[in-house]
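Below: one structure, written as structure tokens.
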Amino acid sequence: MMKVLIALLLASLLAAGPAAAMQIPAEWQASAQAVIGELERDTPQAAKPWGNEIMQGWNLARAWRRYNNRNVEIILAEYLTFVSLCRRGCAGNTIEGLDYRAVAEQMKALRLEHGGPYALAANAHAWLASLPDPTGAAARNATMWGKDLDAAAADFATGNIYALAWLLARARPTPAEQADTFARFAIFVQGKAWIGARCLDISKVATVLDAPPRIEVCK
């Protein structure tokens with residue numbers, strides 16, 4: 001009888017494992033709404049009520065990770081990226097209207113074109129610095145991020161997100177929109193960014209369990 005009970009207990013624990021792993025950490029959910037809300041401040045998106053973007057972003061981030069390197073152990077930068085994308089619409093696992101797998105292939109081609117994540121980050125920063133951004137944020141970000149390429153390039157996942165950010169930014173119609181778009185996605189990797197005249201620091205946004213999201217002004 002005892003053996004049966006132990007077997008049933010083990011079976012229930014094993015069954016619960018994957019389900020638990022699929023739950024979005026509470027601090028991630030709160031951080032996504034806080035960070036993206038801050039980024040959307042003073043934009044038309046600020047008036048849009050939150051719907052199911054929290055779960056949509058989670059699912060799309062996991063699909064992106066699975067497609068790119070065969071696992072679903074996503075990091076916060078990926079989660080924030082895809083929740084932000086889903087705020088603008090990601091029905092059917094799409095990124096700005098395209099199947100996420102097609103965008104992933106474009107991202108891989110961009111990485112290959114620039115010879116890997118470190119060269120891509122350096123070239124993205126040079127591109128950013130050259131943009132005629134009237135706010136001055138592009139030049140400030142290029143200088144700040146160029147001091148340490150590891151943040152953007154040392155990890156496979158962040159390297160992919162950085163390449164995706166550049167891909168999305170280059171598709172915008174004007175230099176100002178390009179600079180702004182890159183900043184609004186690169187911040188998820190870099191932790192700090194100038195957004196117009198504001199410098200936001202989200203590097204500690206989800207570092208303390210059961211605490212409100214922490215967003216600071218850059219020092």
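In the structure tokens, chains take the letters A, B, ... in the order shown, each chain's residues start at 1, and ligands count up from 1 in the order shown.
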Could you make a table, as JSON lines, of the residues of segment 60-160 of chain A that have an atom within 12 Å of an atom of segment 182-200 of chain A, each with its nearest atom pair and distance in Å to one decimal, counting only C-alpha atoms, in chain and number order?
```
{"residue": "A:Ile75", "atom": "CA", "partner": "A:Val189", "partner_atom": "CA", "distance": 10.0}
{"residue": "A:Leu76", "atom": "CA", "partner": "A:Phe188", "partner_atom": "CA", "distance": 7.9}
{"residue": "A:Ala77", "atom": "CA", "partner": "A:Phe188", "partner_atom": "CA", "distance": 4.9}
{"residue": "A:Glu78", "atom": "CA", "partner": "A:Phe188", "partner_atom": "CA", "distance": 7.8}
{"residue": "A:Tyr79", "atom": "CA", "partner": "A:Phe188", "partner_atom": "CA", "distance": 9.0}
{"residue": "A:Leu80", "atom": "CA", "partner": "A:Phe188", "partner_atom": "CA", "distance": 6.6}
{"residue": "A:Thr81", "atom": "CA", "partner": "A:Phe185", "partner_atom": "CA", "distance": 6.4}
{"residue": "A:Phe82", "atom": "CA", "partner": "A:Phe185", "partner_atom": "CA", "distance": 9.7}
{"residue": "A:Val83", "atom": "CA", "partner": "A:Phe185", "partner_atom": "CA", "distance": 11.0}
{"residue": "A:Ser84", "atom": "CA", "partner": "A:Phe185", "partner_atom": "CA", "distance": 8.4}
{"residue": "A:Leu85", "atom": "CA", "partner": "A:Phe185", "partner_atom": "CA", "distance": 9.4}
{"residue": "A:Ala121", "atom": "CA", "partner": "A:Ala186", "partner_atom": "CA", "distance": 10.5}
{"residue": "A:Ala124", "atom": "CA", "partner": "A:Phe182", "partner_atom": "CA", "distance": 9.3}
{"residue": "A:His125", "atom": "CA", "partner": "A:Phe182", "partner_atom": "CA", "distance": 10.0}
{"residue": "A:Trp127", "atom": "CA", "partner": "A:Phe182", "partner_atom": "CA", "distance": 10.8}
{"residue": "A:Leu128", "atom": "CA", "partner": "A:Phe182", "partner_atom": "CA", "distance": 8.3}
{"residue": "A:Ala129", "atom": "CA", "partner": "A:Phe182", "partner_atom": "CA", "distance": 11.7}
{"residue": "A:Leu131", "atom": "CA", "partner": "A:Phe182", "partner_atom": "CA", "distance": 11.4}
{"residue": "A:Asp133", "atom": "CA", "partner": "A:Gly196", "partner_atom": "CA", "distance": 9.3}
{"residue": "A:Pro134", "atom": "CA", "partner": "A:Gly196", "partner_atom": "CA", "distance": 8.9}
{"residue": "A:Thr135", "atom": "CA", "partner": "A:Gly196", "partner_atom": "CA", "distance": 5.5}
{"residue": "A:Gly136", "atom": "CA", "partner": "A:Gly196", "partner_atom": "CA", "distance": 7.4}
{"residue": "A:Ala137", "atom": "CA", "partner": "A:Trp194", "partner_atom": "CA", "distance": 5.3}
{"residue": "A:Ala138", "atom": "CA", "partner": "A:Trp194", "partner_atom": "CA", "distance": 7.7}
{"residue": "A:Ala139", "atom": "CA", "partner": "A:Trp194", "partner_atom": "CA", "distance": 9.4}
{"residue": "A:Arg140", "atom": "CA", "partner": "A:Trp194", "partner_atom": "CA", "distance": 7.0}
{"residue": "A:Asn141", "atom": "CA", "partner": "A:Ala193", "partner_atom": "CA", "distance": 6.1}
{"residue": "A:Ala142", "atom": "CA", "partner": "A:Ala193", "partner_atom": "CA", "distance": 9.5}
{"residue": "A:Thr143", "atom": "CA", "partner": "A:Ala193", "partner_atom": "CA", "distance": 10.7}
{"residue": "A:Met144", "atom": "CA", "partner": "A:Ala193", "partner_atom": "CA", "distance": 8.2}
{"residue": "A:Trp145", "atom": "CA", "partner": "A:Gln190", "partner_atom": "CA", "distance": 7.2}
{"residue": "A:Gly146", "atom": "CA", "partner": "A:Gln190", "partner_atom": "CA", "distance": 10.5}
{"residue": "A:Lys147", "atom": "CA", "partner": "A:Gln190", "partner_atom": "CA", "distance": 11.2}
{"residue": "A:Asp148", "atom": "CA", "partner": "A:Gln190", "partner_atom": "CA", "distance": 9.7}
{"residue": "A:Leu149", "atom": "CA", "partner": "A:Gln190", "partner_atom": "CA", "distance": 9.6}
{"residue": "A:Asp150", "atom": "CA", "partner": "A:Gln190", "partner_atom": "CA", "distance": 9.7}
{"residue": "A:Ala151", "atom": "CA", "partner": "A:Gln190", "partner_atom": "CA", "distance": 6.1}
{"residue": "A:Ala152", "atom": "CA", "partner": "A:Val189", "partner_atom": "CA", "distance": 6.3}
{"residue": "A:Ala153", "atom": "CA", "partner": "A:Val189", "partner_atom": "CA", "distance": 9.6}
{"residue": "A:Ala154", "atom": "CA", "partner": "A:Val189", "partner_atom": "CA", "distance": 11.1}
{"residue": "A:Asp155", "atom": "CA", "partner": "A:Val189", "partner_atom": "CA", "distance": 10.3}
{"residue": "A:Phe156", "atom": "CA", "partner": "A:Val189", "partner_atom": "CA", "distance": 11.7}
{"residue": "A:Ala157", "atom": "CA", "partner": "A:Val189", "partner_atom": "CA", "distance": 9.5}
{"residue": "A:Thr158", "atom": "CA", "partner": "A:Val189", "partner_atom": "CA", "distance": 6.1}
{"residue": "A:Gly159", "atom": "CA", "partner": "A:Val189", "partner_atom": "CA", "distance": 8.7}
{"residue": "A:Asn160", "atom": "CA", "partner": "A:Val189", "partner_atom": "CA", "distance": 10.1}
```
Separation of atom CA of Ala169 of chain A from atom CA of Glu53 of chain A in Å: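 Here the two named atoms are 21.2 Å from each other.
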Taking the DSSP secondary structure from the backbone, can you list the residues of segment 32-216 of chain A that are strand (DSSP E), as an mmCIF file with C-alpha atoms, in the first residue's frame?
```
data_model
loop_
_atom_site.group_PDB
_atom_site.id
_atom_site.type_symbol
_atom_site.label_atom_id
_atom_site.label_comp_id
_atom_site.auth_asym_id
_atom_site.auth_seq_id
_atom_site.Cartn_x
_atom_site.Cartn_y
_atom_site.Cartn_z
ATOM 1 C CA THR A 94 2.901 37.136 -35.801
ATOM 2 C CA ILE A 95 5.420 39.949 -35.468
ATOM 3 C CA LEU A 98 4.510 38.431 -40.379
ATOM 4 C CA ASP A 99 4.761 34.869 -39.145
ATOM 5 C CA LYS A 192 19.077 51.388 -19.721
ATOM 6 C CA ALA A 193 18.113 53.694 -22.579
ATOM 7 C CA TRP A 194 17.391 57.269 -23.496
ATOM 8 C CA ILE A 195 13.783 57.490 -24.638
ATOM 9 C CA ARG A 198 14.201 60.610 -20.502
ATOM 10 C CA CYS A 199 16.811 58.050 -19.484
ATOM 11 C CA LEU A 200 15.186 54.965 -17.992
ATOM 12 C CA ASP A 201 16.897 52.237 -15.980
ATOM 13 C CA GLU A 216 14.702 54.244 -12.049
#
```
Pick from A:Met107, A:Ala179, A:Ile74, A:Leu167: nearest to Trp28 of chain A, with only C-alpha atoms counted?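 Of A:Met107, A:Ala179, A:Ile74, A:Leu167, the one nearest Trp28 of chain A is A:Ile74, counting only C-alpha atoms.
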For each of A:Pro132, A:Gly116, A:Pro25, A:Gly57, take the minimum atom-to-atom distance to Asn93 of chain A, counting only C-alpha atoms, then give the residue where this is smallest.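 That would be A:Gly57, the residue with the smallest distance to Asn93 of chain A.
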Pick out each residue of segment 181-213 of chain A that DSSP on the backbone tags as helix (DSSP H, G or I); I need them as JSON, numbers by chain. {"A": [181, 182, 183, 184, 185, 186, 187, 188, 189, 190]}
Quick one: everything within 10 Å of Ala211 of chain A, counting only C-alpha atoms, minus sequence neighbours fewer than 4 positions away in the same chain. Send it as a compact mmCIF listing (two decimals) with N, CA and C atoms, in the first residue's frame.
```
# COMPACT_ATOMS: atom_id res chain seq x y z
N GLU A 27 6.33 38.38 -10.81
CA GLU A 27 7.12 39.61 -10.92
C GLU A 27 7.38 39.99 -12.38
N ALA A 30 4.07 41.79 -13.57
CA ALA A 30 4.01 43.15 -13.05
C ALA A 30 5.04 44.04 -13.73
N VAL A 205 14.26 45.89 -12.47
CA VAL A 205 12.80 45.93 -12.44
C VAL A 205 12.18 44.71 -11.77
N ALA A 206 12.80 43.54 -11.93
CA ALA A 206 12.20 42.31 -11.40
C ALA A 206 13.18 41.52 -10.55
N THR A 207 14.07 42.21 -9.85
CA THR A 207 15.11 41.51 -9.09
C THR A 207 14.68 41.10 -7.69
```
Hey, which of A:Ala104, A:Leu39, A:Leu112, A:Ala122 ends up closest to Leu164 of chain A? Count only C-alpha atoms.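 Closest residue, counting only C-alpha atoms: A:Ala104.
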